[in-house]
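Below: my_file.txt (compact mmCIF, N, CA, C and O atoms)
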```txt
# COMPACT_ATOMS: atom_id res chain seq x y z
N MET A 1 18.61 27.98 -33.93
CA MET A 1 19.60 26.95 -33.83
C MET A 1 20.27 26.82 -35.19
O MET A 1 19.60 26.76 -36.21
N SER A 2 21.61 26.72 -35.22
CA SER A 2 22.33 26.61 -36.48
C SER A 2 22.46 25.14 -36.86
O SER A 2 22.23 24.24 -36.07
N ASP A 3 22.93 24.91 -38.11
CA ASP A 3 23.10 23.55 -38.60
C ASP A 3 24.25 22.84 -37.90
O ASP A 3 24.33 21.62 -37.90
N ASP A 4 25.18 23.60 -37.27
CA ASP A 4 26.32 23.00 -36.60
C ASP A 4 25.97 22.40 -35.23
O ASP A 4 26.66 21.53 -34.72
N GLU A 5 24.89 22.90 -34.60
CA GLU A 5 24.49 22.44 -33.27
C GLU A 5 23.65 21.18 -33.39
O GLU A 5 22.71 21.14 -34.18
N PRO A 6 23.94 20.16 -32.59
CA PRO A 6 23.09 18.95 -32.64
C PRO A 6 21.75 19.23 -31.97
O PRO A 6 21.66 19.92 -30.97
N SER A 7 20.72 18.72 -32.54
CA SER A 7 19.40 18.88 -31.94
C SER A 7 19.11 17.65 -31.07
O SER A 7 19.76 16.61 -31.20
N MET A 8 18.14 17.77 -30.19
CA MET A 8 17.75 16.65 -29.34
C MET A 8 17.19 15.51 -30.18
O MET A 8 17.33 14.35 -29.85
N ALA A 9 16.57 15.84 -31.30
CA ALA A 9 16.00 14.80 -32.16
C ALA A 9 17.10 13.98 -32.82
O ALA A 9 16.89 12.85 -33.21
N ALA A 10 18.30 14.55 -32.94
CA ALA A 10 19.41 13.84 -33.58
C ALA A 10 20.03 12.80 -32.66
O ALA A 10 20.73 11.92 -33.13
N VAL A 11 19.76 12.87 -31.35
CA VAL A 11 20.33 11.91 -30.41
C VAL A 11 19.41 10.70 -30.36
O VAL A 11 18.25 10.83 -29.98
N PRO A 12 19.91 9.55 -30.76
CA PRO A 12 19.04 8.36 -30.74
C PRO A 12 18.69 7.97 -29.30
O PRO A 12 19.46 8.19 -28.38
N ASN A 13 17.52 7.37 -29.14
CA ASN A 13 17.06 6.95 -27.80
C ASN A 13 18.02 5.96 -27.17
O ASN A 13 18.19 5.94 -25.97
N SER A 14 18.65 5.13 -27.97
CA SER A 14 19.55 4.13 -27.40
C SER A 14 20.76 4.76 -26.74
O SER A 14 21.36 4.19 -25.85
N ALA A 15 21.14 5.98 -27.16
CA ALA A 15 22.29 6.66 -26.55
C ALA A 15 21.95 7.14 -25.14
O ALA A 15 22.80 7.17 -24.27
N ALA A 16 20.71 7.52 -24.89
CA ALA A 16 20.30 8.01 -23.58
C ALA A 16 19.95 6.86 -22.64
O ALA A 16 20.01 7.00 -21.43
N ALA A 17 19.59 5.72 -23.18
CA ALA A 17 19.13 4.60 -22.36
C ALA A 17 20.16 4.12 -21.35
O ALA A 17 19.81 3.86 -20.21
N PRO A 18 21.46 3.95 -21.70
CA PRO A 18 22.42 3.46 -20.70
C PRO A 18 22.51 4.35 -19.47
O PRO A 18 22.63 3.86 -18.35
N ALA A 19 22.43 5.66 -19.64
CA ALA A 19 22.50 6.57 -18.50
C ALA A 19 21.31 6.37 -17.58
O ALA A 19 21.44 6.40 -16.36
N LEU A 20 20.14 6.14 -18.15
CA LEU A 20 18.95 5.92 -17.32
C LEU A 20 19.03 4.58 -16.60
O LEU A 20 18.62 4.48 -15.46
N GLN A 21 19.55 3.58 -17.24
CA GLN A 21 19.63 2.26 -16.62
C GLN A 21 20.57 2.27 -15.43
O GLN A 21 20.36 1.57 -14.46
N GLU A 22 21.64 3.06 -15.49
CA GLU A 22 22.59 3.10 -14.40
C GLU A 22 22.02 3.77 -13.16
O GLU A 22 22.38 3.43 -12.05
N THR A 23 21.09 4.72 -13.32
CA THR A 23 20.55 5.44 -12.19
C THR A 23 19.22 4.89 -11.70
O THR A 23 18.75 5.29 -10.66
N ALA A 24 18.61 4.00 -12.45
CA ALA A 24 17.30 3.46 -12.06
C ALA A 24 17.44 2.59 -10.82
O ALA A 24 18.35 1.77 -10.72
N ARG A 25 16.52 2.76 -9.87
CA ARG A 25 16.51 1.94 -8.66
C ARG A 25 15.69 0.69 -8.92
O ARG A 25 14.74 0.71 -9.69
N PRO A 26 16.04 -0.40 -8.27
CA PRO A 26 15.22 -1.60 -8.44
C PRO A 26 13.83 -1.37 -7.84
O PRO A 26 13.65 -0.53 -6.96
N ALA A 27 12.88 -2.10 -8.34
CA ALA A 27 11.51 -1.98 -7.85
C ALA A 27 11.46 -2.33 -6.37
O ALA A 27 12.14 -3.25 -5.91
N ILE A 28 10.66 -1.60 -5.62
CA ILE A 28 10.52 -1.84 -4.19
C ILE A 28 9.52 -2.96 -3.98
O ILE A 28 8.39 -2.89 -4.46
N GLU A 29 9.94 -3.99 -3.28
CA GLU A 29 9.03 -5.08 -2.95
C GLU A 29 7.96 -4.54 -2.01
O GLU A 29 8.27 -3.83 -1.06
N SER A 30 6.73 -4.87 -2.28
CA SER A 30 5.63 -4.36 -1.47
C SER A 30 4.59 -5.46 -1.26
O SER A 30 4.30 -6.23 -2.17
N PRO A 31 3.98 -5.50 -0.07
CA PRO A 31 2.93 -6.47 0.19
C PRO A 31 1.56 -6.01 -0.31
O PRO A 31 0.57 -6.71 -0.16
N CYS A 32 1.51 -4.84 -0.93
CA CYS A 32 0.23 -4.27 -1.37
C CYS A 32 -0.46 -5.19 -2.37
O CYS A 32 0.15 -5.68 -3.32
N VAL A 33 -1.76 -5.42 -2.14
CA VAL A 33 -2.58 -6.23 -3.04
C VAL A 33 -3.70 -5.40 -3.65
O VAL A 33 -4.67 -5.93 -4.18
N ARG A 34 -3.57 -4.07 -3.56
CA ARG A 34 -4.52 -3.11 -4.14
C ARG A 34 -5.92 -3.23 -3.53
O ARG A 34 -6.92 -3.04 -4.20
N LEU A 35 -5.97 -3.59 -2.26
CA LEU A 35 -7.22 -3.60 -1.51
C LEU A 35 -6.99 -2.68 -0.32
O LEU A 35 -6.86 -3.11 0.82
N CYS A 36 -6.85 -1.40 -0.61
CA CYS A 36 -6.38 -0.42 0.37
C CYS A 36 -7.52 0.21 1.15
O CYS A 36 -8.29 1.00 0.62
N MET A 37 -7.62 -0.18 2.41
CA MET A 37 -8.62 0.40 3.31
C MET A 37 -8.17 0.11 4.73
O MET A 37 -7.95 -1.05 5.09
N LEU A 38 -7.99 1.17 5.52
CA LEU A 38 -7.59 0.98 6.92
C LEU A 38 -8.82 0.61 7.74
O LEU A 38 -9.83 1.31 7.70
N HIS A 39 -8.71 -0.47 8.48
CA HIS A 39 -9.82 -0.91 9.33
C HIS A 39 -9.96 0.07 10.49
O HIS A 39 -8.97 0.41 11.14
N PRO A 40 -11.18 0.53 10.80
CA PRO A 40 -11.36 1.54 11.85
C PRO A 40 -10.97 1.07 13.25
O PRO A 40 -10.58 1.89 14.08
N GLU A 41 -11.06 -0.20 13.54
CA GLU A 41 -10.73 -0.69 14.87
C GLU A 41 -9.26 -1.05 15.03
O GLU A 41 -8.66 -0.75 16.05
N THR A 42 -8.68 -1.70 14.03
CA THR A 42 -7.29 -2.16 14.16
C THR A 42 -6.29 -1.14 13.63
O THR A 42 -5.13 -1.17 14.03
N GLY A 43 -6.71 -0.26 12.72
CA GLY A 43 -5.79 0.70 12.12
C GLY A 43 -4.87 0.08 11.09
O GLY A 43 -3.91 0.70 10.65
N LEU A 44 -5.14 -1.17 10.70
CA LEU A 44 -4.32 -1.87 9.72
C LEU A 44 -5.05 -1.93 8.38
O LEU A 44 -6.28 -1.98 8.34
N CYS A 45 -4.27 -1.95 7.31
CA CYS A 45 -4.85 -2.08 5.98
C CYS A 45 -5.47 -3.46 5.85
O CYS A 45 -4.85 -4.46 6.20
N VAL A 46 -6.69 -3.52 5.35
CA VAL A 46 -7.40 -4.78 5.20
C VAL A 46 -6.70 -5.67 4.17
O VAL A 46 -6.69 -6.89 4.29
N GLY A 47 -6.05 -5.07 3.18
CA GLY A 47 -5.39 -5.85 2.13
C GLY A 47 -4.02 -6.38 2.51
O GLY A 47 -3.71 -7.54 2.32
N CYS A 48 -3.15 -5.51 3.07
CA CYS A 48 -1.76 -5.91 3.30
C CYS A 48 -1.36 -5.96 4.77
O CYS A 48 -0.26 -6.40 5.09
N ALA A 49 -2.18 -5.51 5.67
CA ALA A 49 -1.97 -5.55 7.13
C ALA A 49 -0.91 -4.57 7.61
O ALA A 49 -0.43 -4.67 8.73
N ARG A 50 -0.53 -3.58 6.78
CA ARG A 50 0.41 -2.55 7.25
C ARG A 50 -0.37 -1.42 7.90
O ARG A 50 -1.55 -1.22 7.64
N THR A 51 0.32 -0.66 8.77
CA THR A 51 -0.29 0.52 9.39
C THR A 51 -0.26 1.66 8.38
O THR A 51 0.48 1.62 7.38
N GLY A 52 -1.02 2.69 8.65
CA GLY A 52 -1.01 3.86 7.78
C GLY A 52 0.37 4.50 7.70
O GLY A 52 0.81 4.93 6.63
N GLY A 53 1.08 4.53 8.81
CA GLY A 53 2.42 5.09 8.83
C GLY A 53 3.40 4.27 8.01
O GLY A 53 4.26 4.82 7.32
N GLU A 54 3.28 2.96 8.09
CA GLU A 54 4.15 2.09 7.29
C GLU A 54 3.90 2.27 5.81
O GLU A 54 4.83 2.32 5.01
N ILE A 55 2.63 2.41 5.44
CA ILE A 55 2.28 2.61 4.04
C ILE A 55 2.83 3.95 3.56
O ILE A 55 3.42 4.04 2.47
N ALA A 56 2.68 4.99 4.37
CA ALA A 56 3.11 6.33 3.97
C ALA A 56 4.62 6.44 3.81
O ALA A 56 5.10 7.18 2.95
N THR A 57 5.38 5.71 4.62
CA THR A 57 6.84 5.85 4.58
C THR A 57 7.53 4.68 3.87
O THR A 57 8.75 4.61 3.86
N TRP A 58 6.78 3.80 3.26
CA TRP A 58 7.33 2.59 2.63
C TRP A 58 8.44 2.92 1.63
O TRP A 58 9.48 2.28 1.61
N SER A 59 8.23 3.89 0.78
CA SER A 59 9.22 4.19 -0.26
C SER A 59 10.48 4.84 0.30
O SER A 59 11.53 4.81 -0.35
N GLN A 60 10.44 5.38 1.50
CA GLN A 60 11.62 5.98 2.11
C GLN A 60 12.38 5.01 3.02
O GLN A 60 13.47 5.29 3.46
N MET A 61 11.79 3.85 3.31
CA MET A 61 12.42 2.88 4.20
C MET A 61 13.59 2.19 3.51
O MET A 61 13.62 2.06 2.29
N THR A 62 14.52 1.73 4.32
CA THR A 62 15.63 0.94 3.79
C THR A 62 15.13 -0.46 3.48
O THR A 62 14.06 -0.88 3.95
N ASP A 63 15.90 -1.20 2.71
CA ASP A 63 15.53 -2.59 2.41
C ASP A 63 15.39 -3.40 3.68
O ASP A 63 14.49 -4.22 3.81
N ALA A 64 16.28 -3.17 4.65
CA ALA A 64 16.23 -3.91 5.92
C ALA A 64 14.94 -3.61 6.68
O ALA A 64 14.32 -4.51 7.25
N GLU A 65 14.53 -2.35 6.70
CA GLU A 65 13.29 -1.97 7.40
C GLU A 65 12.08 -2.62 6.72
O GLU A 65 11.18 -3.14 7.41
N ARG A 66 12.06 -2.61 5.40
CA ARG A 66 10.94 -3.23 4.68
C ARG A 66 10.90 -4.74 4.92
O ARG A 66 9.83 -5.32 5.13
N ARG A 67 12.07 -5.39 4.91
CA ARG A 67 12.12 -6.83 5.16
C ARG A 67 11.62 -7.16 6.57
O ARG A 67 10.94 -8.16 6.79
N GLN A 68 11.97 -6.31 7.54
CA GLN A 68 11.52 -6.53 8.93
C GLN A 68 9.99 -6.47 9.01
O GLN A 68 9.37 -7.31 9.66
N ILE A 69 9.40 -5.50 8.35
CA ILE A 69 7.94 -5.38 8.36
C ILE A 69 7.31 -6.56 7.61
O ILE A 69 6.33 -7.14 8.07
N MET A 70 7.87 -6.91 6.46
CA MET A 70 7.33 -8.04 5.68
C MET A 70 7.34 -9.32 6.50
O MET A 70 6.43 -10.15 6.39
N ALA A 71 8.34 -9.48 7.37
CA ALA A 71 8.44 -10.70 8.19
C ALA A 71 7.33 -10.79 9.24
O ALA A 71 6.89 -11.89 9.58
N ILE A 72 6.86 -9.65 9.75
CA ILE A 72 5.84 -9.70 10.81
C ILE A 72 4.41 -9.60 10.27
O ILE A 72 3.46 -9.83 11.02
N LEU A 73 4.23 -9.28 9.01
CA LEU A 73 2.88 -9.12 8.46
C LEU A 73 2.02 -10.37 8.59
O LEU A 73 0.83 -10.25 8.91
N PRO A 74 2.55 -11.58 8.37
CA PRO A 74 1.68 -12.77 8.51
C PRO A 74 1.09 -12.94 9.91
O PRO A 74 0.03 -13.56 10.07
N GLU A 75 1.73 -12.37 10.92
CA GLU A 75 1.24 -12.50 12.30
C GLU A 75 0.12 -11.50 12.61
O GLU A 75 -0.60 -11.67 13.58
N ARG A 76 0.00 -10.47 11.81
CA ARG A 76 -0.99 -9.42 12.08
C ARG A 76 -2.38 -9.84 11.63
O ARG A 76 -2.56 -10.54 10.65
N GLN A 77 -3.37 -9.36 12.37
CA GLN A 77 -4.77 -9.62 12.06
C GLN A 77 -5.40 -8.28 11.68
O GLN A 77 -5.75 -7.50 12.56
N PRO A 78 -5.53 -7.98 10.37
CA PRO A 78 -6.03 -6.67 9.99
C PRO A 78 -7.49 -6.41 10.36
O PRO A 78 -7.89 -5.27 10.54
N THR A 79 -8.27 -7.46 10.49
CA THR A 79 -9.67 -7.29 10.89
C THR A 79 -9.91 -8.09 12.17
O THR A 79 -9.33 -9.15 12.36
N PRO A 80 -10.76 -7.60 13.05
CA PRO A 80 -11.02 -8.31 14.31
C PRO A 80 -11.69 -9.66 14.07
O PRO A 80 -12.39 -9.85 13.09
N GLU A 81 -11.45 -10.58 14.98
CA GLU A 81 -12.11 -11.88 14.92
C GLU A 81 -13.59 -11.69 15.25
O GLU A 81 -13.97 -10.80 16.00
N GLY A 82 -14.40 -12.54 14.71
CA GLY A 82 -15.83 -12.48 15.02
C GLY A 82 -16.56 -11.47 14.17
O GLY A 82 -15.97 -10.65 13.49
N ARG A 83 -17.84 -11.53 14.25
CA ARG A 83 -18.68 -10.63 13.47
C ARG A 83 -19.12 -9.45 14.30
O ARG A 83 -19.25 -9.55 15.51
N ARG A 84 -19.40 -8.35 13.63
CA ARG A 84 -19.84 -7.15 14.35
C ARG A 84 -21.33 -6.94 14.25
O ARG A 84 -21.89 -6.13 14.94
N GLY A 85 -21.98 -7.61 13.37
CA GLY A 85 -23.40 -7.33 13.17
C GLY A 85 -24.13 -8.58 12.76
O GLY A 85 -23.91 -9.65 13.29
N GLY A 86 -24.99 -8.42 11.81
CA GLY A 86 -25.75 -9.55 11.32
C GLY A 86 -27.16 -9.54 11.88
O GLY A 86 -27.60 -8.62 12.58
N ARG A 87 -27.87 -10.60 11.61
CA ARG A 87 -29.28 -10.69 11.96
C ARG A 87 -29.49 -10.67 13.48
O ARG A 87 -30.39 -9.99 13.98
N ALA A 88 -28.66 -11.40 14.21
CA ALA A 88 -28.84 -11.46 15.67
C ALA A 88 -28.68 -10.07 16.30
O ALA A 88 -29.42 -9.70 17.21
N THR A 89 -27.74 -9.30 15.82
CA THR A 89 -27.53 -7.96 16.36
C THR A 89 -28.71 -7.05 16.02
O THR A 89 -29.17 -6.29 16.87
N ARG A 90 -29.20 -7.16 14.79
CA ARG A 90 -30.35 -6.33 14.40
C ARG A 90 -31.59 -6.69 15.22
O ARG A 90 -32.36 -5.82 15.61
N ARG A 91 -31.78 -7.96 15.50
CA ARG A 91 -32.98 -8.38 16.26
C ARG A 91 -32.88 -7.96 17.72
O ARG A 91 -33.89 -7.76 18.38
N ALA A 92 -31.65 -7.81 18.23
CA ALA A 92 -31.47 -7.42 19.62
C ALA A 92 -31.67 -5.92 19.83
O ALA A 92 -31.87 -5.47 20.96
N ARG A 93 -31.61 -5.14 18.77
CA ARG A 93 -31.79 -3.69 18.89
C ARG A 93 -33.25 -3.37 19.21
O ARG A 93 -34.16 -4.07 18.76
N PRO A 94 -33.44 -2.26 19.91
CA PRO A 94 -34.83 -1.85 20.12
C PRO A 94 -35.46 -1.43 18.80
O PRO A 94 -34.77 -0.93 17.91
N PRO A 95 -36.73 -1.63 18.63
CA PRO A 95 -37.38 -1.27 17.37
C PRO A 95 -37.33 0.26 17.14
O PRO A 95 -37.35 1.04 18.09
N ARG A 96 -37.24 0.63 15.89
CA ARG A 96 -37.25 2.05 15.53
C ARG A 96 -38.65 2.60 15.66
O ARG A 96 -39.63 1.93 15.33
N LEU A 97 -38.74 3.83 16.11
CA LEU A 97 -40.04 4.49 16.20
C LEU A 97 -40.39 5.08 14.85
O LEU A 97 -39.56 5.69 14.18
N ALA A 98 -41.62 4.91 14.46
CA ALA A 98 -42.10 5.47 13.18
C ALA A 98 -42.22 6.97 13.33
O ALA A 98 -42.69 7.47 14.36
N GLU A 99 -41.81 7.68 12.30
CA GLU A 99 -41.89 9.14 12.38
C GLU A 99 -43.16 9.65 11.78
O GLU A 99 -43.79 9.15 10.97
```
Represent the structure contained in this file as structure tokens.
Amino acid sequence: MSDDEPSMAAVPNSAAAPALQETARPAIESPCVRLCMLHPETGLCVGCARTGGEIATWSQMTDAERRQIMAILPERQPTPEGRRGGRATRRARPPRLAE
């Protein structure tokens, strides 16, 4: 490289920043609470109540599609009502045979 050619180090960061700000997309609103686990019976995330498909395509959805899903999330029940086990269930099982 000759002395006449500008180097990348010669370009201040502030000169590149406006171009990046113009192309940056706003942050995508998400119901994610970082408790990501799909419930085996309902197929919904235990943390945010979205389906696996909704989670997978969230970043490709339009704002309108995301708002529509966000509106119905409070109505969803990510885990079934009632308990699945506990002491009563264990006591009702037949005893295990000793090996």
Compile the contact shell of region 35-41 of chain A as a VMD selection string: residues with an atom at most 8 Å away, counting all atoms listed in the file, same-chain residues fewer than 3 positions apart removed.
chain A and resid 31 to 32 44 to 52 77 to 80
Since we have the selection now, will you write its residues out, keeping N, CA, C and O atoms, as a CSV table (one decimal), keeping the file's coordinate frame?
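Heads up, here's the output in result-v7.csv:
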```csv
chain,number,residue,atom,x,y,z
A,31,PRO,N,4.0,-5.5,-0.1
A,31,PRO,CA,2.9,-6.5,0.2
A,31,PRO,C,1.6,-6.0,-0.3
A,31,PRO,O,0.6,-6.7,-0.2
A,32,CYS,N,1.5,-4.8,-0.9
A,32,CYS,CA,0.2,-4.3,-1.4
A,32,CYS,C,-0.5,-5.2,-2.4
A,32,CYS,O,0.2,-5.7,-3.3
A,44,LEU,N,-5.1,-1.2,10.7
A,44,LEU,CA,-4.3,-1.9,9.7
A,44,LEU,C,-5.0,-1.9,8.4
A,44,LEU,O,-6.3,-2.0,8.3
A,45,CYS,N,-4.3,-2.0,7.3
A,45,CYS,CA,-4.8,-2.1,6.0
A,45,CYS,C,-5.5,-3.5,5.8
A,45,CYS,O,-4.8,-4.5,6.2
A,46,VAL,N,-6.7,-3.5,5.4
A,46,VAL,CA,-7.4,-4.8,5.2
A,46,VAL,C,-6.7,-5.7,4.2
A,46,VAL,O,-6.7,-6.9,4.3
A,47,GLY,N,-6.0,-5.1,3.2
A,47,GLY,CA,-5.4,-5.8,2.1
A,47,GLY,C,-4.0,-6.4,2.5
A,47,GLY,O,-3.7,-7.5,2.3
A,48,CYS,N,-3.2,-5.5,3.1
A,48,CYS,CA,-1.8,-5.9,3.3
A,48,CYS,C,-1.4,-6.0,4.8
A,48,CYS,O,-0.3,-6.4,5.1
A,49,ALA,N,-2.2,-5.5,5.7
A,49,ALA,CA,-2.0,-5.6,7.1
A,49,ALA,C,-0.9,-4.6,7.6
A,49,ALA,O,-0.4,-4.7,8.7
A,50,ARG,N,-0.5,-3.6,6.8
A,50,ARG,CA,0.4,-2.6,7.2
A,50,ARG,C,-0.4,-1.4,7.9
A,50,ARG,O,-1.6,-1.2,7.6
A,51,THR,N,0.3,-0.7,8.8
A,51,THR,CA,-0.3,0.5,9.4
A,51,THR,C,-0.3,1.7,8.4
A,51,THR,O,0.5,1.6,7.4
A,52,GLY,N,-1.0,2.7,8.6
A,52,GLY,CA,-1.0,3.9,7.8
A,52,GLY,C,0.4,4.5,7.7
A,52,GLY,O,0.8,4.9,6.6
A,77,GLN,N,-3.4,-9.4,12.4
A,77,GLN,CA,-4.8,-9.6,12.1
A,77,GLN,C,-5.4,-8.3,11.7
A,77,GLN,O,-5.8,-7.5,12.6
A,78,PRO,N,-5.5,-8.0,10.4
A,78,PRO,CA,-6.0,-6.7,10.0
A,78,PRO,C,-7.5,-6.4,10.4
A,78,PRO,O,-7.9,-5.3,10.5
A,79,THR,N,-8.3,-7.5,10.5
A,79,THR,CA,-9.7,-7.3,10.9
A,79,THR,C,-9.9,-8.1,12.2
A,79,THR,O,-9.3,-9.2,12.4
A,80,PRO,N,-10.8,-7.6,13.0
A,80,PRO,CA,-11.0,-8.3,14.3
A,80,PRO,C,-11.7,-9.7,14.1
A,80,PRO,O,-12.4,-9.8,13.1
```
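Around region 62-66 of chain A, within 8 Å and counting only N, CA, C and O atoms, the residues found are Glu29, Ser30, Pro31, Thr57, Trp58, Met70, Ala71, Ile72 and Leu73 of chain A, once anything fewer than 4 positions away on its own chain is removed.
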One-decimal distance in Å that lies between atom O of Thr42 (chain A) and atom C of Ala88 (chain A):
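For atom C of Ala88 (chain A) relative to atom O of Thr42 (chain A), the distance reads 25.3 Å.
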For the atom pair atom O of Pro74 (chain A) and atom N of Gly86 (chain A), what is the interatomic distance in Å to one decimal place?
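So the answer is 25.6 Å.
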Could you state the separation of atom O of Gly43 (chain A) and atom N of Ile55 (chain A) in Å, given to one decimal place?
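Computing it gives 8.5 Å between the two atoms.
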DSSP helix (DSSP H, G or I) residues within region 21-92 of chain A, as an MDAnalysis selection string
chainID A and resid 21:23 52:60 63:75 87:92
Resulting file, chosen residues, N, CA, C and O atoms, as a compact mmCIF listing (two decimals), keeping the file's coordinate frame:
```
# COMPACT_ATOMS: atom_id res chain seq x y z
N GLN A 21 19.55 3.58 -17.24
CA GLN A 21 19.63 2.26 -16.62
C GLN A 21 20.57 2.27 -15.43
O GLN A 21 20.36 1.57 -14.46
N GLU A 22 21.64 3.06 -15.49
CA GLU A 22 22.59 3.10 -14.40
C GLU A 22 22.02 3.77 -13.16
O GLU A 22 22.38 3.43 -12.05
N THR A 23 21.09 4.72 -13.32
CA THR A 23 20.55 5.44 -12.19
C THR A 23 19.22 4.89 -11.70
O THR A 23 18.75 5.29 -10.66
N GLY A 52 -1.02 2.69 8.65
CA GLY A 52 -1.01 3.86 7.78
C GLY A 52 0.37 4.50 7.70
O GLY A 52 0.81 4.93 6.63
N GLY A 53 1.08 4.53 8.81
CA GLY A 53 2.42 5.09 8.83
C GLY A 53 3.40 4.27 8.01
O GLY A 53 4.26 4.82 7.32
N GLU A 54 3.28 2.96 8.09
CA GLU A 54 4.15 2.09 7.29
C GLU A 54 3.90 2.27 5.81
O GLU A 54 4.83 2.32 5.01
N ILE A 55 2.63 2.41 5.44
CA ILE A 55 2.28 2.61 4.04
C ILE A 55 2.83 3.95 3.56
O ILE A 55 3.42 4.04 2.47
N ALA A 56 2.68 4.99 4.37
CA ALA A 56 3.11 6.33 3.97
C ALA A 56 4.62 6.44 3.81
O ALA A 56 5.10 7.18 2.95
N THR A 57 5.38 5.71 4.62
CA THR A 57 6.84 5.85 4.58
C THR A 57 7.53 4.68 3.87
O THR A 57 8.75 4.61 3.86
N TRP A 58 6.78 3.80 3.26
CA TRP A 58 7.33 2.59 2.63
C TRP A 58 8.44 2.92 1.63
O TRP A 58 9.48 2.28 1.61
N SER A 59 8.23 3.89 0.78
CA SER A 59 9.22 4.19 -0.26
C SER A 59 10.48 4.84 0.30
O SER A 59 11.53 4.81 -0.35
N GLN A 60 10.44 5.38 1.50
CA GLN A 60 11.62 5.98 2.11
C GLN A 60 12.38 5.01 3.02
O GLN A 60 13.47 5.29 3.46
N ASP A 63 15.90 -1.20 2.71
CA ASP A 63 15.53 -2.59 2.41
C ASP A 63 15.39 -3.40 3.68
O ASP A 63 14.49 -4.22 3.81
N ALA A 64 16.28 -3.17 4.65
CA ALA A 64 16.23 -3.91 5.92
C ALA A 64 14.94 -3.61 6.68
O ALA A 64 14.32 -4.51 7.25
N GLU A 65 14.53 -2.35 6.70
CA GLU A 65 13.29 -1.97 7.40
C GLU A 65 12.08 -2.62 6.72
O GLU A 65 11.18 -3.14 7.41
N ARG A 66 12.06 -2.61 5.40
CA ARG A 66 10.94 -3.23 4.68
C ARG A 66 10.90 -4.74 4.92
O ARG A 66 9.83 -5.32 5.13
N ARG A 67 12.07 -5.39 4.91
CA ARG A 67 12.12 -6.83 5.16
C ARG A 67 11.62 -7.16 6.57
O ARG A 67 10.94 -8.16 6.79
N GLN A 68 11.97 -6.31 7.54
CA GLN A 68 11.52 -6.53 8.93
C GLN A 68 9.99 -6.47 9.01
O GLN A 68 9.37 -7.31 9.66
N ILE A 69 9.40 -5.50 8.35
CA ILE A 69 7.94 -5.38 8.36
C ILE A 69 7.31 -6.56 7.61
O ILE A 69 6.33 -7.14 8.07
N MET A 70 7.87 -6.91 6.46
CA MET A 70 7.33 -8.04 5.68
C MET A 70 7.34 -9.32 6.50
O MET A 70 6.43 -10.15 6.39
N ALA A 71 8.34 -9.48 7.37
CA ALA A 71 8.44 -10.70 8.19
C ALA A 71 7.33 -10.79 9.24
O ALA A 71 6.89 -11.89 9.58
N ILE A 72 6.86 -9.65 9.75
CA ILE A 72 5.84 -9.70 10.81
C ILE A 72 4.41 -9.60 10.27
O ILE A 72 3.46 -9.83 11.02
N LEU A 73 4.23 -9.28 9.01
CA LEU A 73 2.88 -9.12 8.46
C LEU A 73 2.02 -10.37 8.59
O LEU A 73 0.83 -10.25 8.91
N PRO A 74 2.55 -11.58 8.37
CA PRO A 74 1.68 -12.77 8.51
C PRO A 74 1.09 -12.94 9.91
O PRO A 74 0.03 -13.56 10.07
N GLU A 75 1.73 -12.37 10.92
CA GLU A 75 1.24 -12.50 12.30
C GLU A 75 0.12 -11.50 12.61
O GLU A 75 -0.60 -11.67 13.58
N ARG A 87 -27.87 -10.60 11.61
CA ARG A 87 -29.28 -10.69 11.96
C ARG A 87 -29.49 -10.67 13.48
O ARG A 87 -30.39 -9.99 13.98
N ALA A 88 -28.66 -11.40 14.21
CA ALA A 88 -28.84 -11.46 15.67
C ALA A 88 -28.68 -10.07 16.30
O ALA A 88 -29.42 -9.70 17.21
N THR A 89 -27.74 -9.30 15.82
CA THR A 89 -27.53 -7.96 16.36
C THR A 89 -28.71 -7.05 16.02
O THR A 89 -29.17 -6.29 16.87
N ARG A 90 -29.20 -7.16 14.79
CA ARG A 90 -30.35 -6.33 14.40
C ARG A 90 -31.59 -6.69 15.22
O ARG A 90 -32.36 -5.82 15.61
N ARG A 91 -31.78 -7.96 15.50
CA ARG A 91 -32.98 -8.38 16.26
C ARG A 91 -32.88 -7.96 17.72
O ARG A 91 -33.89 -7.76 18.38
N ALA A 92 -31.65 -7.81 18.23
CA ALA A 92 -31.47 -7.42 19.62
C ALA A 92 -31.67 -5.92 19.83
O ALA A 92 -31.87 -5.47 20.96
```
